[in-house]
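> Dropping in structure_9.txt, with compact mmCIF, C-alpha atoms.
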# COMPACT_ATOMS: atom_id res chain seq x y z
CA MET A 93 22.30 -0.59 -23.81
CA PHE A 94 22.22 -4.38 -23.88
CA GLN A 95 25.86 -4.89 -23.09
CA PRO A 96 26.98 -7.56 -20.68
CA ASP A 97 28.86 -6.21 -17.69
CA ASP A 98 32.40 -5.23 -18.43
CA PRO A 99 34.46 -7.15 -15.87
CA LEU A 100 37.19 -4.52 -16.08
CA ALA A 101 34.90 -1.58 -15.38
CA PRO A 102 34.78 -0.23 -11.83
CA PRO A 103 31.70 -1.40 -9.94
CA GLN A 104 28.73 0.88 -10.47
CA PRO A 105 26.58 2.06 -7.60
CA VAL A 106 23.29 0.18 -7.54
CA PHE A 107 21.22 3.37 -7.33
CA ASP A 108 21.80 6.78 -8.90
CA GLU A 109 20.16 8.66 -6.03
CA PRO A 110 19.38 7.72 -2.42
CA TRP A 111 15.66 8.46 -2.90
CA GLN A 112 15.48 5.69 -5.52
CA ALA A 113 16.69 3.12 -3.00
CA GLN A 114 14.43 4.54 -0.30
CA ALA A 115 11.37 4.39 -2.55
CA LEU A 116 11.97 0.75 -3.43
CA ALA A 117 12.78 -0.07 0.19
CA LEU A 118 9.58 1.55 1.41
CA ALA A 119 7.49 -0.24 -1.21
CA ASP A 120 9.03 -3.62 -0.36
CA SER A 121 8.66 -2.97 3.38
CA LEU A 122 4.97 -2.08 2.97
CA VAL A 123 4.43 -5.25 0.93
CA ASN A 124 6.26 -7.38 3.48
CA ALA A 125 4.25 -5.85 6.32
CA GLY A 126 1.06 -6.75 4.47
CA HIS A 127 -0.18 -3.19 3.88
CA PHE A 128 -0.43 -3.92 0.20
CA SER A 129 -0.10 -7.14 -1.74
CA ALA A 130 2.75 -7.95 -4.10
CA GLN A 131 0.19 -8.29 -6.89
CA ASP A 132 -1.29 -4.84 -6.28
CA TRP A 133 2.21 -3.38 -6.14
CA ALA A 134 3.18 -4.98 -9.48
CA ARG A 135 -0.08 -3.88 -11.07
CA THR A 136 0.18 -0.30 -9.85
CA LEU A 137 3.86 0.01 -10.80
CA GLY A 138 3.09 -1.52 -14.19
CA ALA A 139 0.34 1.06 -14.75
CA ALA A 140 2.65 3.92 -13.72
CA LEU A 141 5.35 2.65 -16.12
CA ALA A 142 2.81 2.31 -18.93
CA ALA A 143 1.58 5.85 -18.26
CA ALA A 144 5.15 7.20 -18.40
CA GLU A 145 5.74 5.39 -21.68
CA ALA A 146 2.44 6.65 -23.09
CA ARG A 147 3.38 10.26 -22.41
CA GLY A 148 6.74 9.73 -24.10
CA ALA A 149 9.01 9.76 -21.05
CA ALA A 150 12.60 8.71 -21.81
CA ASP A 151 13.41 5.05 -21.18
CA THR A 152 15.74 5.78 -18.27
CA LEU A 153 16.25 4.76 -14.66
CA GLU A 154 15.04 8.21 -13.60
CA THR A 155 11.72 7.55 -15.37
CA TYR A 156 11.53 4.11 -13.80
CA TYR A 157 12.04 5.35 -10.26
CA LEU A 158 9.65 8.28 -10.74
CA ALA A 159 7.05 5.65 -11.67
CA VAL A 160 7.95 3.81 -8.45
CA VAL A 161 7.21 6.99 -6.47
CA ASP A 162 3.93 7.56 -8.37
CA ALA A 163 2.86 3.99 -7.65
CA LEU A 164 3.89 4.28 -4.00
CA GLU A 165 1.79 7.44 -3.53
CA ARG A 166 -1.20 5.94 -5.28
CA LEU A 167 -1.18 2.69 -3.33
CA SER A 168 -0.45 4.43 -0.02
CA ALA A 169 -3.56 6.55 -0.59
CA GLN A 170 -5.69 3.63 -1.72
CA GLN A 171 -4.62 0.95 0.73
CA ALA A 172 -2.48 2.32 3.55
CA GLY A 173 -4.71 5.18 4.65
CA ILE A 174 -2.27 7.97 3.74
CA SER A 175 -4.41 10.56 1.96
CA ARG A 176 -3.15 13.03 -0.62
CA GLN A 177 -4.01 15.74 1.88
CA ASP A 178 -1.77 14.09 4.49
CA MET A 179 1.00 13.95 1.90
CA ASP A 180 0.63 17.62 0.93
CA GLN A 181 0.69 18.71 4.57
CA ARG A 182 3.69 16.59 5.43
CA ARG A 183 5.56 17.73 2.33
CA ALA A 184 4.97 21.38 3.32
CA ASP A 185 6.22 20.57 6.83
CA TRP A 186 9.41 19.05 5.44
CA GLU A 187 10.03 22.03 3.16
CA ALA A 188 9.56 24.39 6.08
CA ALA A 189 11.93 22.29 8.15
CA TYR A 190 14.62 22.38 5.46
CA ASN A 191 14.21 26.11 4.96
CA ARG A 192 14.56 26.98 8.64
CA THR A 193 17.44 24.60 9.39
CA PRO A 194 20.91 26.15 9.09
CA HIS A 195 23.18 24.40 6.65
CA GLY A 196 24.97 21.39 8.07
CA GLN A 197 22.54 20.74 10.90
CA PRO A 198 20.15 17.81 11.08
CA VAL A 199 16.74 18.63 9.63
CA LYS A 200 14.00 17.96 12.15
CA LEU A 201 10.33 17.81 11.41
CA GLU A 202 8.01 19.83 13.62
CA PRO A 203 4.54 19.23 12.24
CA SER A 204 2.37 22.32 12.35
CA ALA A 205 -0.49 20.37 13.87
CA MET B 61 8.57 49.93 -0.88
CA ALA B 62 11.67 49.33 1.10
CA THR B 63 10.13 46.71 3.34
CA PHE B 64 8.85 44.75 0.39
CA ASP B 65 12.24 44.90 -1.30
CA SER B 66 14.11 43.73 1.74
CA GLU B 67 11.67 40.93 2.34
CA ASN B 68 11.97 39.97 -1.26
CA ALA B 69 15.74 40.08 -1.04
CA ALA B 70 15.65 37.97 2.10
CA HIS B 71 13.38 35.50 0.36
CA LEU B 72 15.66 35.31 -2.66
CA HIS B 73 18.59 34.87 -0.35
CA ARG B 74 16.88 31.95 1.36
CA GLU B 75 16.03 30.43 -2.00
CA LEU B 76 19.60 30.72 -3.18
CA HIS B 77 20.91 29.06 -0.07
CA SER B 78 18.11 26.59 0.14
CA HIS B 79 19.24 23.01 0.27
CA LEU B 80 15.83 21.55 -0.34
CA PRO B 81 16.05 17.98 -1.59
CA SER B 82 14.74 17.23 -5.07
CA ASP B 83 11.03 16.80 -5.66
CA PRO B 84 11.06 12.98 -5.72
CA ALA B 85 13.33 12.91 -2.66
CA LEU B 86 10.80 15.05 -0.77
CA ARG B 87 7.92 12.86 -1.91
CA VAL B 88 9.67 9.73 -0.64
CA LYS B 89 10.66 11.43 2.62
CA THR B 90 7.04 12.47 3.07
CA LEU B 91 5.73 8.94 2.62
CA GLU B 92 8.45 7.34 4.71
CA SER B 93 7.92 9.67 7.66
CA LEU B 94 4.14 9.16 7.55
CA ALA B 95 4.50 5.37 7.26
CA ILE B 96 6.84 5.28 10.27
CA GLU B 97 4.74 7.67 12.33
CA ARG B 98 1.65 5.51 11.77
CA GLY B 99 3.46 2.29 12.57
CA LEU B 100 3.16 0.88 9.03
CA VAL B 101 6.90 0.20 8.92
CA ALA B 102 9.44 0.11 11.75
CA PRO B 103 11.77 3.12 11.98
CA GLN B 104 14.96 1.35 10.92
CA THR B 105 13.41 -0.89 8.26
CA VAL B 106 13.97 1.34 5.26
CA ASP B 107 17.55 2.25 6.17
CA ALA B 108 18.42 -1.39 6.86
CA TRP B 109 16.89 -2.46 3.54
CA VAL B 110 18.83 0.17 1.61
CA GLU B 111 22.08 -0.80 3.30
CA ALA B 112 21.54 -4.50 2.69
CA TYR B 113 20.67 -4.15 -0.97
CA SER B 114 23.24 -1.47 -1.76
CA GLU B 115 26.15 -3.21 -0.15
CA HIS B 116 25.57 -6.79 0.89
CA ILE B 117 23.07 -8.69 -1.21
CA GLY B 118 24.20 -9.18 -4.76
CA PRO B 119 23.90 -12.05 -7.22
CA LYS B 120 26.29 -14.09 -5.06
CA ARG B 121 23.46 -15.99 -3.43
CA GLY B 122 22.06 -17.05 -6.78
CA ALA B 123 25.54 -18.10 -7.88
CA GLN B 124 25.87 -20.34 -4.82
CA VAL B 125 22.52 -21.95 -5.65
CA VAL B 126 23.68 -22.67 -9.21
CA ALA B 127 27.04 -24.08 -8.06
CA ARG B 128 25.30 -26.36 -5.57
CA ALA B 129 22.96 -27.57 -8.31
CA TRP B 130 25.92 -28.39 -10.58
CA LEU B 131 27.56 -30.48 -7.88
CA ASP B 132 24.59 -32.14 -6.26
CA ALA B 133 22.14 -33.97 -8.52
CA ASP B 134 19.64 -34.40 -5.71
CA PHE B 135 19.70 -30.67 -4.95
CA HIS B 136 19.39 -29.95 -8.69
CA ALA B 137 16.25 -32.07 -8.90
CA ARG B 138 14.73 -30.49 -5.81
CA LEU B 139 15.61 -27.01 -7.10
CA LEU B 140 13.70 -27.57 -10.33
CA GLU B 141 10.84 -29.15 -8.42
CA ASP B 142 10.44 -26.42 -5.78
CA ALA B 143 13.11 -23.73 -5.79
CA ALA B 144 11.76 -21.77 -2.82
CA GLU B 145 12.01 -24.92 -0.69
CA ALA B 146 15.39 -26.07 -2.03
CA ILE B 147 17.24 -22.79 -1.44
CA LYS B 148 16.44 -23.08 2.25
CA ASP B 149 19.37 -25.56 2.26
CA LEU B 150 21.59 -22.50 1.81
CA GLY B 151 19.63 -20.35 4.25
CA PHE B 152 18.20 -18.10 1.54
CA GLN B 153 14.52 -18.19 2.31
CA GLY B 154 13.01 -14.74 2.11
CA SER B 155 9.81 -12.98 1.24
CA ALA B 156 10.83 -12.10 -2.30
CA THR B 157 11.67 -15.70 -3.09
CA GLY B 158 8.46 -17.14 -1.71
CA HIS B 159 7.45 -18.19 -5.21
CA LEU B 160 10.60 -18.94 -7.12
CA LYS B 161 10.96 -21.20 -10.11
CA ALA B 162 14.33 -22.43 -11.34
CA VAL B 163 14.63 -23.23 -15.05
CA ALA B 164 17.68 -25.06 -16.36
CA ASN B 165 19.37 -24.44 -19.69
CA THR B 166 20.10 -27.49 -21.80
CA ASP B 167 21.87 -28.11 -25.10
CA ARG B 168 18.50 -27.67 -26.79
CA GLN B 169 16.86 -24.94 -24.72
CA HIS B 170 17.88 -21.52 -23.53
CA ASN B 171 15.85 -19.75 -20.86
CA MET B 172 15.51 -16.01 -20.51
CA VAL B 173 13.61 -13.99 -17.91
CA VAL B 174 11.71 -10.73 -18.22
CA CYS B 175 8.95 -8.90 -16.39
CA THR B 176 6.80 -7.37 -19.10
CA LEU B 177 4.50 -5.63 -16.60
CA CYS B 178 6.98 -3.89 -14.34
CA SER B 179 10.22 -5.30 -12.94
CA CYS B 180 9.48 -8.35 -10.78
CA TYR B 181 12.83 -9.93 -9.96
CA PRO B 182 14.10 -12.41 -7.34
CA PHE B 183 16.13 -9.70 -5.64
CA SER B 184 16.66 -11.55 -2.39
CA ILE B 185 18.97 -13.97 -4.22
CA LEU B 186 20.11 -11.87 -7.20
CA GLY B 187 20.34 -8.44 -5.56
CA MET B 188 18.97 -5.39 -7.37
CA SER B 189 17.99 -5.88 -10.97
CA PRO B 190 20.25 -4.29 -13.59
CA SER B 191 18.98 -1.08 -15.13
CA TRP B 192 18.35 -2.66 -18.54
CA TYR B 193 15.99 -5.17 -16.89
CA LYS B 194 13.77 -2.25 -15.84
CA SER B 195 13.86 -0.54 -19.24
CA ALA B 196 10.74 -0.37 -21.39
CA GLU B 197 12.80 -1.57 -24.34
CA TYR B 198 13.92 -4.83 -22.73
CA ARG B 199 10.47 -5.48 -21.25
CA ALA B 200 8.87 -5.14 -24.66
CA ARG B 201 11.46 -6.73 -26.90
CA ALA B 202 12.47 -9.74 -24.79
CA VAL B 203 9.20 -11.45 -25.59
CA ARG B 204 8.80 -10.11 -29.11
CA GLU B 205 12.26 -10.83 -30.48
CA PRO B 206 14.26 -12.76 -27.87
CA ARG B 207 16.91 -13.99 -30.31
CA GLN B 208 17.63 -10.48 -31.49
CA VAL B 209 17.85 -9.22 -27.91
CA LEU B 210 20.14 -12.11 -27.01
CA SER B 211 22.40 -11.32 -29.95
CA GLU B 212 22.68 -7.75 -28.67
CA PHE B 213 23.91 -9.20 -25.40
CA GLY B 214 26.51 -11.11 -27.38
CA VAL B 215 24.72 -14.47 -27.24
CA ALA B 216 24.82 -16.30 -30.57
CA LEU B 217 22.35 -19.17 -30.39
CA ALA B 218 22.55 -22.09 -32.77
CA ASP B 219 19.38 -22.64 -34.80
CA ASP B 220 18.62 -25.90 -33.00
CA VAL B 221 18.52 -24.21 -29.60
CA ALA B 222 15.03 -23.08 -28.65
CA VAL B 223 14.50 -19.95 -26.57
CA ARG B 224 11.92 -19.97 -23.84
CA VAL B 225 11.05 -16.60 -22.33
CA TRP B 226 9.60 -16.58 -18.81
CA ASP B 227 7.47 -13.60 -17.87
CA SER B 228 7.82 -12.86 -14.15
CA THR B 229 4.93 -11.80 -12.00
CA ALA B 230 4.52 -10.72 -8.41
CA GLU B 231 3.52 -14.31 -7.66
CA LEU B 232 6.26 -16.10 -9.56
CA ARG B 233 9.86 -15.11 -10.21
CA TYR B 234 12.52 -17.06 -12.09
CA LEU B 235 16.12 -18.13 -11.75
CA VAL B 236 17.91 -19.49 -14.80
CA VAL B 237 20.38 -22.30 -14.07
CA PRO B 238 23.08 -21.93 -16.74
CA GLN B 239 24.98 -24.95 -18.02
CA ARG B 240 28.16 -25.91 -16.23
CA PRO B 241 31.10 -25.10 -18.49
CA ALA B 242 33.44 -27.86 -19.63
CA GLY B 243 36.81 -27.88 -17.93
CA THR B 244 35.49 -27.39 -14.41
CA GLN B 245 35.73 -31.00 -13.23
CA GLY B 246 36.89 -31.22 -9.67
CA TRP B 247 36.21 -27.56 -8.91
CA SER B 248 34.93 -26.64 -5.46
CA GLU B 249 31.47 -25.17 -4.94
CA GLU B 250 33.10 -21.86 -4.11
CA ALA B 251 35.21 -21.83 -7.28
CA LEU B 252 32.18 -22.73 -9.38
CA ALA B 253 30.03 -20.02 -7.78
CA ALA B 254 32.70 -17.46 -8.67
CA ILE B 255 32.17 -17.95 -12.42
CA VAL B 256 28.37 -17.69 -12.34
CA THR B 257 27.31 -14.23 -13.49
CA ARG B 258 24.14 -12.31 -12.78
CA ASN B 259 23.22 -12.10 -16.47
CA SER B 260 23.57 -15.86 -16.86
CA MET B 261 20.94 -16.29 -14.15
CA ILE B 262 18.59 -13.91 -15.98
CA GLY B 263 19.38 -15.67 -19.22
CA THR B 264 20.98 -12.81 -21.14
CA GLN B 265 24.27 -14.70 -21.09
CA ARG B 266 24.64 -18.37 -22.05
CA ASP B 267 28.23 -19.56 -21.97
CA LEU B 268 30.22 -18.90 -18.83
CA PRO B 269 33.91 -18.15 -19.21
CA LEU B 270 36.18 -19.95 -16.75
CA GLU B 271 37.74 -16.79 -15.36
CA ALA B 272 35.83 -15.28 -12.49
CA SER B 273 34.35 -11.95 -13.51
Let's see the structure in the file written out as structure tokens.


Amino acid sequence: MFQPDDPLAPPQPVFDEPWQAQALALADSLVNAGHFSAQDWARTLGAALAAAEARGAADTLETYYLAVVDALERLSAQQAGISRQDMDQRRADWEAAYNRTPHGQPVKLEPSA
Amino acid sequence: MATFDSENAAHLHRELHSHLPSDPALRVKTLESLAIERGLVAPQTVDAWVEAYSEHIGPKRGAQVVARAWLDADFHARLLEDAAEAIKDLGFQGSATGHLKAVANTDRQHNMVVCTLCSCYPFSILGMSPSWYKSAEYRARAVREPRQVLSEFGVALADDVAVRVWDSTAELRYLVVPQRPAGTQGWSEEALAAIVTRNSMIGTQRDLPLEAS
């Protein structure tokens, strides 16, 4: 695990999945816009990582980024006025949008409200 | 009942052909769309951030800072005094480097950076942190047994070289200034920057080889 970069290896992508980059981007954007402080972000992410470790989650990037999403949801609810109920509703709207959109076409959100 | 069966079959069919994103992808999409809709972030902000950090911003900026410090004693002094201010010379001011401290390696001291709490990292000048930097193992062991961790990175420290581990926080992030290798007299700033590696600026590498990696 602790190997220096192999200069002969092909460059690795920075993120394994687009959602990982988007989660970090959203967190950093919310911090930069002042919706939550860098300290609160670090504290909340630290707590989410500690919780993952405590329940025995594997020490992987996947675990790390899932903690990022956990922390993002928690802080959005606590400090950015996005309630869990809002999240559940919007998630259901996205799922409905994906399910009704034919393959290959852009997925558009049409909120039920 | 026939109707039930056909509905069920239709449902199964939809499920099979469903291209629903993964659970975390949907959770992020949910938050992003709500944040944009409520004006918490501008519509293009997230995409622009992802593009910048995936493709453009790497450790090159940090390497330029180090090369400048090697060549310019005045810059070196100002960098150690107030890194956030000094790197403005190179146009690298940014929110993530608002509180940046540069620590220089010497013959007697090696510096190494960790974030024991989460993964605080000066990403606006070093790009995204490597995956090992985010791992629970590195975060725990870097402070507990830094010499052992360094040896696993291939760094053999002489007994008379002290290791100082700097624990990053949201308020304060660190940049290690590695030592300039012998045999680089007369090199340009650009040539020097090319041999400075990301790991050397985190402190998990000490000696820089003269070939650009």

> Using all atoms listed in the file, which residue out of B:Pro241, B:Pro81, B:Gly246, B:Gly151 lies closest to chain A?

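Using all atoms listed in the file, the shortest distance to chain A belongs to B:Pro81.
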
> Interatomic distance between atom CA of A:Ser121 and atom CA of B:Ala143?

23.1 Å

> Would you please work out which residue, of B:Pro269, B:Pro238, B:Gly122, B:Pro84, is nearest to chain A when using all atoms listed in the file?

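Of B:Pro269, B:Pro238, B:Gly122, B:Pro84, the one nearest chain A is B:Pro84, counting all atoms listed in the file.
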
> Can you list, as a list in words, every protein, DNA or RNA residue that comes within 12 Å of B:Arg168 when you count all atoms listed in the file, leaving out same-chain residues fewer than 4 positions away?

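In the requested format, the answer is Ala164, Leu217, Ala218, Asp219, Asp220, Val221, Ala222, Val223, Arg224 and Gln239 of chain B.
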
> With only C-alpha atoms as the atoms that count, which of A:Leu153, A:Ala134, A:Val160, A:Leu141 lies nearest to A:Asp108?

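Of A:Leu153, A:Ala134, A:Val160, A:Leu141, the one nearest A:Asp108 is A:Leu153, counting only C-alpha atoms.
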
> Would you work out the distance separating atom CA of A:Glu154 from atom CA of B:Ser114, expressed in Å to one decimal?

17.4 Å

> Return the single residue from B:Gln208, B:Ser195, B:Gln169, B:Gln153 that is closest to chain A, with distances computed using only C-alpha atoms.

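Selected residue with least distance to chain A: B:Ser195.
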
> So which one's closest to B:Trp109, B:Tyr193, B:Met188, B:Tyr198, B:Val256? Using only C-alpha atoms, please.

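Of B:Tyr193, B:Met188, B:Tyr198, B:Val256, the one nearest B:Trp109 is B:Met188, counting only C-alpha atoms.
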
> Neighbours of B:Arg207 within 12 Å (all atoms listed in the file; same-chain residues fewer than 2 positions away dropped), as a PyMOL selection string?

chain B and resi 170-172+201-205+209-219+221-225+263-265
